>>> print(open('model.pdb').read())   # PDB, C-alpha atoms, pLDDT in the B column
ATOM      1  CA  GLY A   1       0.000   0.000   0.000  1.00 55.00           C
ATOM      2  CA  ALA A   2       0.941   3.667  -0.086  1.00 84.00           C
ATOM      3  CA  GLY A   3       3.463   4.976   2.380  1.00 93.00           C
ATOM      4  CA  VAL A   4       3.478   8.224   4.314  1.00 96.00           C
ATOM      5  CA  SER A   5       3.149  11.204   2.018  1.00 96.00           C
ATOM      6  CA  GLN A   6       4.030  14.826   2.716  1.00 97.00           C
ATOM      7  CA  THR A   7       3.221  17.983   0.819  1.00 97.00           C
ATOM      8  CA  PRO A   8       4.717  20.176  -0.371  1.00 97.00           C
ATOM      9  CA  SER A   9       8.085  18.550  -0.943  1.00 96.00           C
ATOM     10  CA  ASN A  10       9.718  21.977  -0.872  1.00 97.00           C
ATOM     11  CA  LYS A  11       8.546  25.277   0.561  1.00 98.00           C
ATOM     12  CA  VAL A  12      10.281  28.636   0.322  1.00 98.00           C
ATOM     13  CA  THR A  13       8.896  31.484   2.368  1.00 97.00           C
ATOM     14  CA  GLU A  14       9.924  34.826   3.751  1.00 97.00           C
ATOM     15  CA  LYS A  15      10.697  35.585   7.354  1.00 97.00           C
ATOM     16  CA  GLY A  16       7.529  36.444   9.254  1.00 97.00           C
ATOM     17  CA  LYS A  17       5.169  34.496   7.004  1.00 98.00           C
ATOM     18  CA  TYR A  18       2.841  31.659   8.004  1.00 98.00           C
ATOM     19  CA  VAL A  19       3.282  28.143   6.575  1.00 98.00           C
ATOM     20  CA  GLU A  20       1.366  24.883   6.699  1.00 98.00           C
ATOM     21  CA  LEU A  21       2.917  21.485   6.098  1.00 98.00           C
ATOM     22  CA  ARG A  22       0.737  18.473   5.434  1.00 98.00           C
ATOM     23  CA  CYS A  23       1.185  14.802   6.304  1.00 98.00           C
ATOM     24  CA  ASP A  24      -0.926  11.901   5.075  1.00 98.00           C
ATOM     25  CA  PRO A  25      -0.106   8.784   7.144  1.00 97.00           C
ATOM     26  CA  ILE A  26      -0.381   5.149   6.164  1.00 96.00           C
ATOM     27  CA  SER A  27      -4.042   4.177   6.063  1.00 95.00           C
ATOM     28  CA  GLY A  28      -5.192   2.702   9.384  1.00 93.00           C
ATOM     29  CA  HIS A  29      -2.294   4.048  11.423  1.00 95.00           C
ATOM     30  CA  THR A  30      -3.591   5.756  14.542  1.00 94.00           C
ATOM     31  CA  ALA A  31      -0.252   7.179  15.673  1.00 95.00           C
ATOM     32  CA  LEU A  32       1.380  10.102  13.885  1.00 96.00           C
ATOM     33  CA  TYR A  33       4.629  11.895  14.683  1.00 96.00           C
ATOM     34  CA  TRP A  34       6.323  15.075  13.498  1.00 98.00           C
ATOM     35  CA  TYR A  35      10.096  15.558  13.547  1.00 98.00           C
ATOM     36  CA  ARG A  36      12.433  18.316  12.397  1.00 98.00           C
ATOM     37  CA  GLN A  37      15.827  17.584  10.852  1.00 96.00           C
ATOM     38  CA  SER A  38      18.307  20.427  10.628  1.00 95.00           C
ATOM     39  CA  LEU A  39      21.332  20.191   8.355  1.00 91.00           C
ATOM     40  CA  GLY A  40      23.887  17.735   9.654  1.00 88.00           C
ATOM     41  CA  GLN A  41      21.701  16.625  12.547  1.00 92.00           C
ATOM     42  CA  GLY A  42      19.454  13.716  13.340  1.00 94.00           C
ATOM     43  CA  PRO A  43      15.684  14.184  13.395  1.00 96.00           C
ATOM     44  CA  GLU A  44      14.327  15.930  16.471  1.00 96.00           C
ATOM     45  CA  PHE A  45      10.934  14.948  17.893  1.00 95.00           C
ATOM     46  CA  LEU A  46       8.240  17.628  17.829  1.00 97.00           C
ATOM     47  CA  ILE A  47       4.818  16.122  18.550  1.00 96.00           C
ATOM     48  CA  TYR A  48       2.961  12.809  18.732  1.00 95.00           C
ATOM     49  CA  PHE A  49      -0.724  12.274  17.939  1.00 95.00           C
ATOM     50  CA  GLN A  50      -2.798   9.326  19.075  1.00 93.00           C
ATOM     51  CA  GLY A  51      -5.943   9.569  16.986  1.00 92.00           C
ATOM     52  CA  THR A  52      -7.132  13.162  16.955  1.00 94.00           C
ATOM     53  CA  GLY A  53      -5.396  14.264  20.123  1.00 92.00           C
ATOM     54  CA  ALA A  54      -1.851  15.408  20.752  1.00 91.00           C
ATOM     55  CA  ALA A  55      -0.568  12.831  23.241  1.00 90.00           C
ATOM     56  CA  ASP A  56       2.836  14.469  23.607  1.00 91.00           C
ATOM     57  CA  ASP A  57       3.783  17.929  22.324  1.00 93.00           C
ATOM     58  CA  SER A  58       6.865  18.317  24.494  1.00 92.00           C
ATOM     59  CA  GLY A  59       9.132  18.735  21.486  1.00 93.00           C
ATOM     60  CA  LEU A  60       7.459  21.820  20.011  1.00 96.00           C
ATOM     61  CA  PRO A  61      10.108  24.553  20.353  1.00 95.00           C
ATOM     62  CA  ASN A  62       7.752  27.451  21.099  1.00 95.00           C
ATOM     63  CA  ASP A  63       4.196  28.690  20.648  1.00 95.00           C
ATOM     64  CA  ARG A  64       4.779  29.599  17.001  1.00 97.00           C
ATOM     65  CA  PHE A  65       4.503  25.905  16.222  1.00 97.00           C
ATOM     66  CA  PHE A  66       1.142  24.138  16.275  1.00 96.00           C
ATOM     67  CA  ALA A  67      -0.190  20.907  14.788  1.00 97.00           C
ATOM     68  CA  VAL A  68      -3.640  19.455  14.275  1.00 97.00           C
ATOM     69  CA  ARG A  69      -5.151  16.143  13.228  1.00 97.00           C
ATOM     70  CA  PRO A  70      -8.896  16.845  13.261  1.00 95.00           C
ATOM     71  CA  GLU A  71     -10.172  13.561  11.833  1.00 94.00           C
ATOM     72  CA  GLY A  72      -7.436  11.265  13.085  1.00 92.00           C
ATOM     73  CA  SER A  73      -5.820  10.856   9.696  1.00 95.00           C
ATOM     74  CA  VAL A  74      -4.189  13.783   7.868  1.00 97.00           C
ATOM     75  CA  SER A  75      -2.161  16.149  10.029  1.00 98.00           C
ATOM     76  CA  THR A  76      -1.053  19.715   9.443  1.00 98.00           C
ATOM     77  CA  LEU A  77       1.946  21.343  11.078  1.00 98.00           C
ATOM     78  CA  LYS A  78       1.522  25.098  11.273  1.00 98.00           C
ATOM     79  CA  ILE A  79       4.319  27.590  11.819  1.00 98.00           C
ATOM     80  CA  GLN A  80       3.512  31.234  12.510  1.00 97.00           C
ATOM     81  CA  ARG A  81       5.873  34.189  12.061  1.00 97.00           C
ATOM     82  CA  THR A  82       8.553  32.016  10.515  1.00 98.00           C
ATOM     83  CA  GLU A  83      12.187  32.688  11.358  1.00 97.00           C
ATOM     84  CA  ARG A  84      15.334  31.794   9.422  1.00 97.00           C
ATOM     85  CA  GLY A  85      16.158  29.273  12.138  1.00 96.00           C
ATOM     86  CA  ASP A  86      13.016  27.325  11.233  1.00 97.00           C
ATOM     87  CA  SER A  87      14.673  26.254   7.973  1.00 98.00           C
ATOM     88  CA  ALA A  88      14.928  22.471   8.089  1.00 97.00           C
ATOM     89  CA  VAL A  89      13.409  19.286   6.727  1.00 97.00           C
ATOM     90  CA  TYR A  90      10.159  18.475   8.500  1.00 98.00           C
ATOM     91  CA  LEU A  91       9.493  14.753   8.695  1.00 97.00           C
ATOM     92  CA  CYS A  92       6.269  12.968   9.415  1.00 97.00           C
ATOM     93  CA  ALA A  93       6.000   9.355  10.546  1.00 97.00           C
ATOM     94  CA  SER A  94       3.156   7.023  11.412  1.00 96.00           C
ATOM     95  CA  SER A  95       2.772   3.725  13.229  1.00 94.00           C
ATOM     96  CA  LEU A  96      -0.114   1.315  13.630  1.00 93.00           C
ATOM     97  CA  THR A  97      -1.150   1.845  17.245  1.00 88.00           C
ATOM     98  CA  GLY A  98       1.553   3.958  18.852  1.00 85.00           C
ATOM     99  CA  GLU A  99       2.941   1.197  21.063  1.00 85.00           C
ATOM    100  CA  THR A 100       6.452   2.058  22.113  1.00 83.00           C
ATOM    101  CA  GLN A 101       8.237  -0.772  20.319  1.00 85.00           C
ATOM    102  CA  GLU A 102       6.460  -0.270  17.005  1.00 88.00           C
ATOM    103  CA  THR A 103       8.264   0.711  13.847  1.00 91.00           C
ATOM    104  CA  GLN A 104       7.646   4.271  12.748  1.00 94.00           C
ATOM    105  CA  TYR A 105       7.342   4.691   8.978  1.00 95.00           C
ATOM    106  CA  PHE A 106       8.685   7.973   7.689  1.00 96.00           C
ATOM    107  CA  GLY A 107       7.612  10.157   4.817  1.00 95.00           C
ATOM    108  CA  PRO A 108      10.056  11.853   2.437  1.00 94.00           C
ATOM    109  CA  GLY A 109       9.845  15.157   4.306  1.00 96.00           C
ATOM    110  CA  THR A 110       9.118  18.773   3.458  1.00 97.00           C
ATOM    111  CA  ARG A 111      12.169  20.949   2.988  1.00 97.00           C
ATOM    112  CA  LEU A 112      11.385  24.397   4.397  1.00 98.00           C
ATOM    113  CA  LEU A 113      13.573  27.373   3.564  1.00 98.00           C
ATOM    114  CA  VAL A 114      12.910  30.683   5.302  1.00 98.00           C
ATOM    115  CA  LEU A 115      14.568  33.623   3.574  1.00 97.00           C
TER
ATOM    116  CA  ALA B   1      16.565  12.999  29.356  1.00 72.00           C
ATOM    117  CA  GLN B   2      17.847  10.442  26.960  1.00 80.00           C
ATOM    118  CA  SER B   3      20.668  10.980  24.517  1.00 90.00           C
ATOM    119  CA  VAL B   4      22.275   9.031  21.713  1.00 95.00           C
ATOM    120  CA  THR B   5      25.911   9.294  20.686  1.00 96.00           C
ATOM    121  CA  GLN B   6      27.160   8.059  17.346  1.00 97.00           C
ATOM    122  CA  LEU B   7      30.930   8.038  17.212  1.00 92.00           C
ATOM    123  CA  GLY B   8      32.237   9.249  13.878  1.00 90.00           C
ATOM    124  CA  SER B   9      30.211  11.548  11.673  1.00 94.00           C
ATOM    125  CA  HIS B  10      31.866   9.893   8.668  1.00 96.00           C
ATOM    126  CA  VAL B  11      33.062   6.307   8.313  1.00 97.00           C
ATOM    127  CA  SER B  12      34.887   5.100   5.207  1.00 97.00           C
ATOM    128  CA  VAL B  13      35.415   1.416   4.407  1.00 97.00           C
ATOM    129  CA  SER B  14      36.499  -0.502   1.350  1.00 97.00           C
ATOM    130  CA  GLU B  15      34.012  -2.569  -0.594  1.00 97.00           C
ATOM    131  CA  GLY B  16      33.985  -6.054   0.933  1.00 97.00           C
ATOM    132  CA  ALA B  17      35.321  -4.882   4.299  1.00 98.00           C
ATOM    133  CA  LEU B  18      33.593  -5.033   7.667  1.00 97.00           C
ATOM    134  CA  VAL B  19      31.235  -2.186   8.498  1.00 98.00           C
ATOM    135  CA  LEU B  20      31.048  -1.071  12.137  1.00 98.00           C
ATOM    136  CA  LEU B  21      28.930   1.928  13.122  1.00 98.00           C
ATOM    137  CA  ARG B  22      28.923   2.790  16.796  1.00 97.00           C
ATOM    138  CA  CYS B  23      25.980   3.861  18.935  1.00 97.00           C
ATOM    139  CA  ASN B  24      25.828   4.502  22.664  1.00 96.00           C
ATOM    140  CA  TYR B  25      22.809   5.683  24.587  1.00 94.00           C
ATOM    141  CA  SER B  26      22.358   7.420  27.884  1.00 91.00           C
ATOM    142  CA  SER B  27      19.340   6.293  29.867  1.00 81.00           C
ATOM    143  CA  SER B  28      18.730   5.057  33.401  1.00 76.00           C
ATOM    144  CA  VAL B  29      16.438   2.344  32.030  1.00 80.00           C
ATOM    145  CA  PRO B  30      17.376   0.575  28.791  1.00 81.00           C
ATOM    146  CA  PRO B  31      15.127   1.953  26.061  1.00 86.00           C
ATOM    147  CA  TYR B  32      13.963   0.381  22.848  1.00 92.00           C
ATOM    148  CA  LEU B  33      16.697   0.721  20.211  1.00 94.00           C
ATOM    149  CA  PHE B  34      16.499   1.319  16.472  1.00 96.00           C
ATOM    150  CA  TRP B  35      18.752   1.796  13.468  1.00 98.00           C
ATOM    151  CA  TYR B  36      17.433   3.738  10.494  1.00 97.00           C
ATOM    152  CA  VAL B  37      19.080   4.320   7.106  1.00 97.00           C
ATOM    153  CA  GLN B  38      18.593   7.333   4.869  1.00 94.00           C
ATOM    154  CA  TYR B  39      19.611   6.974   1.228  1.00 91.00           C
ATOM    155  CA  PRO B  40      20.169  10.153  -0.790  1.00 84.00           C
ATOM    156  CA  ASN B  41      16.872  11.897  -1.547  1.00 80.00           C
ATOM    157  CA  GLN B  42      14.871   9.204   0.226  1.00 85.00           C
ATOM    158  CA  GLY B  43      13.040   8.947   3.543  1.00 88.00           C
ATOM    159  CA  LEU B  44      14.241   7.152   6.644  1.00 94.00           C
ATOM    160  CA  GLN B  45      13.928   3.377   6.466  1.00 95.00           C
ATOM    161  CA  LEU B  46      14.119   0.992   9.410  1.00 95.00           C
ATOM    162  CA  LEU B  47      17.101  -1.378   9.303  1.00 97.00           C
ATOM    163  CA  LEU B  48      16.462  -3.209  12.561  1.00 97.00           C
ATOM    164  CA  LYS B  49      15.299  -2.771  16.132  1.00 95.00           C
ATOM    165  CA  TYR B  50      15.746  -4.274  19.573  1.00 95.00           C
ATOM    166  CA  THR B  51      12.809  -4.473  21.938  1.00 91.00           C
ATOM    167  CA  THR B  52      13.108  -7.676  23.997  1.00 89.00           C
ATOM    168  CA  GLY B  53      14.585 -11.140  23.745  1.00 89.00           C
ATOM    169  CA  ALA B  54      17.754 -12.051  21.890  1.00 92.00           C
ATOM    170  CA  THR B  55      20.280  -9.241  22.095  1.00 93.00           C
ATOM    171  CA  LEU B  56      21.711  -9.910  18.632  1.00 96.00           C
ATOM    172  CA  VAL B  57      19.250  -8.550  16.110  1.00 97.00           C
ATOM    173  CA  LYS B  58      19.330  -9.171  12.367  1.00 96.00           C
ATOM    174  CA  GLY B  59      17.958  -6.623   9.948  1.00 96.00           C
ATOM    175  CA  ILE B  60      17.609  -5.980   6.261  1.00 95.00           C
ATOM    176  CA  ASN B  61      20.456  -5.927   3.728  1.00 93.00           C
ATOM    177  CA  GLY B  62      22.732  -8.119   5.861  1.00 96.00           C
ATOM    178  CA  PHE B  63      23.021  -5.714   8.791  1.00 97.00           C
ATOM    179  CA  GLU B  64      22.901  -6.772  12.414  1.00 97.00           C
ATOM    180  CA  ALA B  65      23.296  -5.094  15.788  1.00 98.00           C
ATOM    181  CA  GLU B  66      23.929  -6.278  19.316  1.00 96.00           C
ATOM    182  CA  PHE B  67      22.433  -4.726  22.433  1.00 95.00           C
ATOM    183  CA  LYS B  68      24.954  -4.664  25.268  1.00 95.00           C
ATOM    184  CA  LYS B  69      23.347  -3.375  28.438  1.00 91.00           C
ATOM    185  CA  SER B  70      26.593  -3.227  30.407  1.00 92.00           C
ATOM    186  CA  GLU B  71      28.136  -0.986  27.741  1.00 93.00           C
ATOM    187  CA  THR B  72      24.915   0.921  26.930  1.00 93.00           C
ATOM    188  CA  SER B  73      25.688   0.227  23.291  1.00 95.00           C
ATOM    189  CA  PHE B  74      23.894  -0.901  20.145  1.00 97.00           C
ATOM    190  CA  HIS B  75      26.577  -1.027  17.455  1.00 98.00           C
ATOM    191  CA  LEU B  76      25.629  -1.815  13.856  1.00 98.00           C
ATOM    192  CA  THR B  77      27.702  -4.232  11.787  1.00 98.00           C
ATOM    193  CA  LYS B  78      27.802  -5.832   8.363  1.00 98.00           C
ATOM    194  CA  PRO B  79      30.450  -8.412   7.472  1.00 97.00           C
ATOM    195  CA  SER B  80      31.036  -7.242   3.902  1.00 97.00           C
ATOM    196  CA  ALA B  81      30.284  -3.745   2.634  1.00 97.00           C
ATOM    197  CA  HIS B  82      28.639  -3.191  -0.725  1.00 96.00           C
ATOM    198  CA  MET B  83      28.651  -0.022  -2.772  1.00 96.00           C
ATOM    199  CA  SER B  84      24.877   0.235  -2.305  1.00 95.00           C
ATOM    200  CA  ASP B  85      25.373   0.588   1.476  1.00 97.00           C
ATOM    201  CA  ALA B  86      26.592   4.159   1.055  1.00 96.00           C
ATOM    202  CA  ALA B  87      24.075   6.239   3.015  1.00 96.00           C
ATOM    203  CA  GLU B  88      23.425   8.087   6.282  1.00 96.00           C
ATOM    204  CA  TYR B  89      22.762   5.841   9.271  1.00 98.00           C
ATOM    205  CA  PHE B  90      20.909   6.941  12.375  1.00 98.00           C
ATOM    206  CA  CYS B  91      20.703   5.249  15.740  1.00 97.00           C
ATOM    207  CA  ALA B  92      17.561   6.064  17.723  1.00 96.00           C
ATOM    208  CA  VAL B  93      16.017   5.208  21.069  1.00 93.00           C
ATOM    209  CA  ARG B  94      12.533   5.393  22.475  1.00 90.00           C
ATOM    210  CA  PRO B  95      11.849   5.134  26.190  1.00 83.00           C
ATOM    211  CA  LYS B  96       9.693   2.374  27.553  1.00 78.00           C
ATOM    212  CA  PRO B  97       6.221   3.512  28.707  1.00 74.00           C
ATOM    213  CA  GLY B  98       6.499   6.109  31.430  1.00 68.00           C
ATOM    214  CA  GLY B  99      10.134   6.718  30.710  1.00 62.00           C
ATOM    215  CA  GLY B 100       9.988  10.007  28.873  1.00 62.00           C
ATOM    216  CA  ALA B 101       8.797  11.743  25.730  1.00 63.00           C
ATOM    217  CA  ASP B 102       6.982   9.573  23.239  1.00 78.00           C
ATOM    218  CA  GLY B 103       9.098  10.337  20.206  1.00 89.00           C
ATOM    219  CA  LEU B 104      12.291   8.767  19.007  1.00 92.00           C
ATOM    220  CA  THR B 105      15.547  10.392  20.100  1.00 93.00           C
ATOM    221  CA  PHE B 106      18.075  10.218  17.285  1.00 96.00           C
ATOM    222  CA  GLY B 107      21.827  10.445  17.154  1.00 96.00           C
ATOM    223  CA  LYS B 108      23.465  12.910  14.778  1.00 96.00           C
ATOM    224  CA  GLY B 109      24.029  10.242  12.174  1.00 97.00           C
ATOM    225  CA  THR B 110      27.020   8.561  10.544  1.00 97.00           C
ATOM    226  CA  HIS B 111      27.710   8.997   6.862  1.00 97.00           C
ATOM    227  CA  LEU B 112      28.988   5.681   5.488  1.00 97.00           C
ATOM    228  CA  ILE B 113      31.316   5.953   2.508  1.00 97.00           C
ATOM    229  CA  ILE B 114      32.223   2.853   0.523  1.00 97.00           C
ATOM    230  CA  GLN B 115      35.542   2.954  -1.339  1.00 96.00           C
ATOM    231  CA  PRO B 116      35.766   0.800  -4.481  1.00 93.00           C
TER
END
>>> encode(input="model.pdb", output="structure tokens")
Amino acid sequence: GAGVSQTPSNKVTEKGKYVELRCDPISGHTALYWYRQSLGQGPEFLIYFQGTGAADDSGLPNDRFFAVRPEGSVSTLKIQRTERGDSAVYLCASSLTGETQETQYFGPGTRLLVL
Amino acid sequence: AQSVTQLGSHVSVSEGALVLLRCNYSSSVPPYLFWYVQYPNQGLQLLLKYTTGATLVKGINGFEAEFKKSETSFHLTKPSAHMSDAAEYFCAVRPKPGGGADGLTFGKGTHLIIQP
């Protein structure tokens, strides 16, 4: 079946603008994760959804970052008042139930560049 | 808080030689352990994971890793490197329930270079 998809694949914006990044998880997966990967670094956890609710948002860096998953499937990561330091690849992953030992399946990422 | 250390940001081996990528974690309780691979312009793909049971874990493409609790390590090995193994490799941990944040904590990655 289809894997995790993310749109857009690339996004260029100007400092101060608002952006939305979309993630479509594997069908039937109830758990969804967002990560951010800066150049030369490993992915950094941002937020974890179980169904429609954010079960753990401890990785969100500040209140400019927000994510939703209103119907328990597609998720949108929203960044307000973007800063140059927000430039990174934003990765989405999903897993079947969210159990700790489960494999997380990653999408190809959205490369965000803030000018 | 948990952390993952991958020794060597770049590792270069000859084709046919042993591959050894090192990973150490810092956690008061042994977490679940994962190795992911990222090929150029592709997403992260799971190579293998350790959750319970046998400490030597076999994964895809001939890779294996051994969990050593006493050394807090989970090093990745492959007996004979192939040109197609050239990629970025990430070690990651996830705490057991109640042990911390729900996401994976990744190391900084090791870029594996295969010399012909």
>>> residues_around(input="model.pdb", residues="Gly107 in chain B", least_positions_apart="2", cutoff="9 Å", atoms="only C-alpha atoms", output="list in words")
Gln41, Gly42 and Pro43 of chain A; Ser3, Val4, Thr5, Gln6, Cys23, Tyr25, Phe90, Cys91, Ala92, Val93, Thr105, Gly109 and Thr110 of chain B
>>> resolve_selection(input="model.pdb", expression="the PyMOL selection byres ((chain B) within 12 of (chain A))", output="ChimeraX atom specification")
/B:3-6,9-10,31-52,88-111
>>> resolve_selection(input="model.pdb", expression="the PyMOL selection byres ((chain A and resi 111) around 8)", output="PyMOL selection string")
chain A and resi 9-11+87-90+109-110+112-113
>>> resolve_selection(input="model.pdb", expression="the PyMOL selection byres ((chain B and resi 64) around 10)", output="list in words")
Leu20, Trp35, Leu47, Leu48, Lys49, Leu56, Val57, Lys58, Gly59, Ile60, Asn61, Gly62, Phe63, Ala65, Glu66, Phe74, His75, Leu76, Thr77, Lys78 and Pro79 of chain B
>>> residues_around(input="model.pdb", residues="Arg84 in chain A", least_positions_apart="6", cutoff="9 Å", atoms="all atoms listed in the file", output="list in words")
Glu14, Lys15, Leu113, Val114 and Leu115 of chain A
>>> write_last_selection(input="model.pdb", atoms="C-alpha atoms", output="PDB file, keeping the file's coordinate frame")
ATOM      1  CA  GLU A  14       9.924  34.826   3.751  1.00 97.00           C
ATOM      2  CA  LYS A  15      10.697  35.585   7.354  1.00 97.00           C
ATOM      3  CA  LEU A 113      13.573  27.373   3.564  1.00 98.00           C
ATOM      4  CA  VAL A 114      12.910  30.683   5.302  1.00 98.00           C
ATOM      5  CA  LEU A 115      14.568  33.623   3.574  1.00 97.00           C
TER       6      LEU A 115
END
>>> atom_distance(input="model.pdb", atom1="CA of Ala54 in chain B", atom2="CA of Ala81 in chain B")
24.4 Å
>>> atom_distance(input="model.pdb", atom1="CA of Val29 in chain B", atom2="CA of Ala31 in chain A")
23.9 Å
>>> atom_distance(input="model.pdb", atom1="CA of Ile79 in chain A", atom2="CA of Gln6 in chain A")
15.7 Å
>>> residues_around(input="model.pdb", residues="Glu15 in chain B", least_positions_apart="3", cutoff="7 Å", atoms="only C-alpha atoms", output="list in words")
Ala81, His82, Met83, Ile114, Gln115 and Pro116 of chain B
>>> build_atoms(input="model.pdb", residues="range 79-87 of chain A", atoms="all heavy atoms", output="PDB file, in the coordinates of the input")
ATOM      1  N   ILE A  79       3.270  26.752  11.246  1.00 98.00           N
ATOM      2  CA  ILE A  79       4.319  27.590  11.819  1.00 98.00           C
ATOM      3  C   ILE A  79       3.967  29.048  11.553  1.00 98.00           C
ATOM      4  O   ILE A  79       3.825  29.462  10.400  1.00 98.00           O
ATOM      5  CB  ILE A  79       5.703  27.270  11.223  1.00 98.00           C
ATOM      6  CG1 ILE A  79       5.982  25.766  11.253  1.00 98.00           C
ATOM      7  CG2 ILE A  79       6.781  28.024  11.997  1.00 98.00           C
ATOM      8  CD1 ILE A  79       7.264  25.360  10.560  1.00 98.00           C
ATOM      9  N   GLN A  80       3.829  29.806  12.633  1.00 97.00           N
ATOM     10  CA  GLN A  80       3.512  31.234  12.510  1.00 97.00           C
ATOM     11  C   GLN A  80       4.797  32.054  12.585  1.00 97.00           C
ATOM     12  O   GLN A  80       5.784  31.648  13.193  1.00 97.00           O
ATOM     13  CB  GLN A  80       2.581  31.655  13.651  1.00 97.00           C
ATOM     14  CG  GLN A  80       1.256  30.931  13.674  1.00 97.00           C
ATOM     15  CD  GLN A  80       0.401  31.342  14.867  1.00 97.00           C
ATOM     16  OE1 GLN A  80       0.909  31.525  15.971  1.00 97.00           O
ATOM     17  NE2 GLN A  80      -0.889  31.495  14.637  1.00 97.00           N
ATOM     18  N   ARG A  81       4.754  33.229  11.956  1.00 97.00           N
ATOM     19  CA  ARG A  81       5.873  34.189  12.061  1.00 97.00           C
ATOM     20  C   ARG A  81       7.206  33.478  11.880  1.00 97.00           C
ATOM     21  O   ARG A  81       8.089  33.510  12.750  1.00 97.00           O
ATOM     22  CB  ARG A  81       5.825  34.914  13.402  1.00 97.00           C
ATOM     23  CG  ARG A  81       4.497  35.600  13.680  1.00 97.00           C
ATOM     24  CD  ARG A  81       4.513  36.358  15.004  1.00 97.00           C
ATOM     25  NE  ARG A  81       4.850  35.526  16.132  1.00 97.00           N
ATOM     26  CZ  ARG A  81       4.022  34.709  16.767  1.00 97.00           C
ATOM     27  NH1 ARG A  81       2.765  34.606  16.345  1.00 97.00           N
ATOM     28  NH2 ARG A  81       4.424  34.002  17.808  1.00 97.00           N
ATOM     29  N   THR A  82       7.365  32.830  10.745  1.00 98.00           N
ATOM     30  CA  THR A  82       8.553  32.016  10.515  1.00 98.00           C
ATOM     31  C   THR A  82       9.837  32.822  10.691  1.00 98.00           C
ATOM     32  O   THR A  82       9.900  34.018  10.387  1.00 98.00           O
ATOM     33  CB  THR A  82       8.540  31.394   9.116  1.00 98.00           C
ATOM     34  OG1 THR A  82       8.326  32.432   8.140  1.00 98.00           O
ATOM     35  CG2 THR A  82       7.468  30.341   8.990  1.00 98.00           C
ATOM     36  N   GLU A  83      10.857  32.120  11.175  1.00 97.00           N
ATOM     37  CA  GLU A  83      12.187  32.688  11.358  1.00 97.00           C
ATOM     38  C   GLU A  83      13.181  31.882  10.533  1.00 97.00           C
ATOM     39  O   GLU A  83      12.927  30.722  10.192  1.00 97.00           O
ATOM     40  CB  GLU A  83      12.567  32.643  12.841  1.00 97.00           C
ATOM     41  CG  GLU A  83      11.626  33.430  13.728  1.00 97.00           C
ATOM     42  CD  GLU A  83      11.970  33.320  15.201  1.00 97.00           C
ATOM     43  OE1 GLU A  83      12.905  32.566  15.551  1.00 97.00           O
ATOM     44  OE2 GLU A  83      11.297  33.991  16.016  1.00 97.00           O
ATOM     45  N   ARG A  84      14.335  32.494  10.242  1.00 97.00           N
ATOM     46  CA  ARG A  84      15.334  31.794   9.422  1.00 97.00           C
ATOM     47  C   ARG A  84      15.767  30.495  10.092  1.00 97.00           C
ATOM     48  O   ARG A  84      16.070  29.507   9.434  1.00 97.00           O
ATOM     49  CB  ARG A  84      16.518  32.708   9.149  1.00 97.00           C
ATOM     50  CG  ARG A  84      16.147  33.874   8.250  1.00 97.00           C
ATOM     51  CD  ARG A  84      17.329  34.609   7.678  1.00 97.00           C
ATOM     52  NE  ARG A  84      16.873  35.697   6.826  1.00 97.00           N
ATOM     53  CZ  ARG A  84      16.621  36.936   7.246  1.00 97.00           C
ATOM     54  NH1 ARG A  84      16.805  37.256   8.517  1.00 97.00           N
ATOM     55  NH2 ARG A  84      16.190  37.856   6.404  1.00 97.00           N
ATOM     56  N   GLY A  85      15.773  30.481  11.405  1.00 96.00           N
ATOM     57  CA  GLY A  85      16.158  29.273  12.138  1.00 96.00           C
ATOM     58  C   GLY A  85      15.168  28.132  12.017  1.00 96.00           C
ATOM     59  O   GLY A  85      15.476  27.005  12.427  1.00 96.00           O
ATOM     60  N   ASP A  86      13.998  28.393  11.443  1.00 97.00           N
ATOM     61  CA  ASP A  86      13.016  27.325  11.233  1.00 97.00           C
ATOM     62  C   ASP A  86      13.339  26.510   9.980  1.00 97.00           C
ATOM     63  O   ASP A  86      12.717  25.475   9.729  1.00 97.00           O
ATOM     64  CB  ASP A  86      11.607  27.908  11.082  1.00 97.00           C
ATOM     65  CG  ASP A  86      11.143  28.643  12.325  1.00 97.00           C
ATOM     66  OD1 ASP A  86      11.648  28.329  13.425  1.00 97.00           O
ATOM     67  OD2 ASP A  86      10.281  29.540  12.190  1.00 97.00           O
ATOM     68  N   SER A  87      14.285  26.972   9.185  1.00 98.00           N
ATOM     69  CA  SER A  87      14.673  26.254   7.973  1.00 98.00           C
ATOM     70  C   SER A  87      15.199  24.871   8.346  1.00 98.00           C
ATOM     71  O   SER A  87      16.131  24.745   9.148  1.00 98.00           O
ATOM     72  CB  SER A  87      15.743  27.036   7.212  1.00 98.00           C
ATOM     73  OG  SER A  87      15.250  28.284   6.781  1.00 98.00           O
TER      74      SER A  87
END
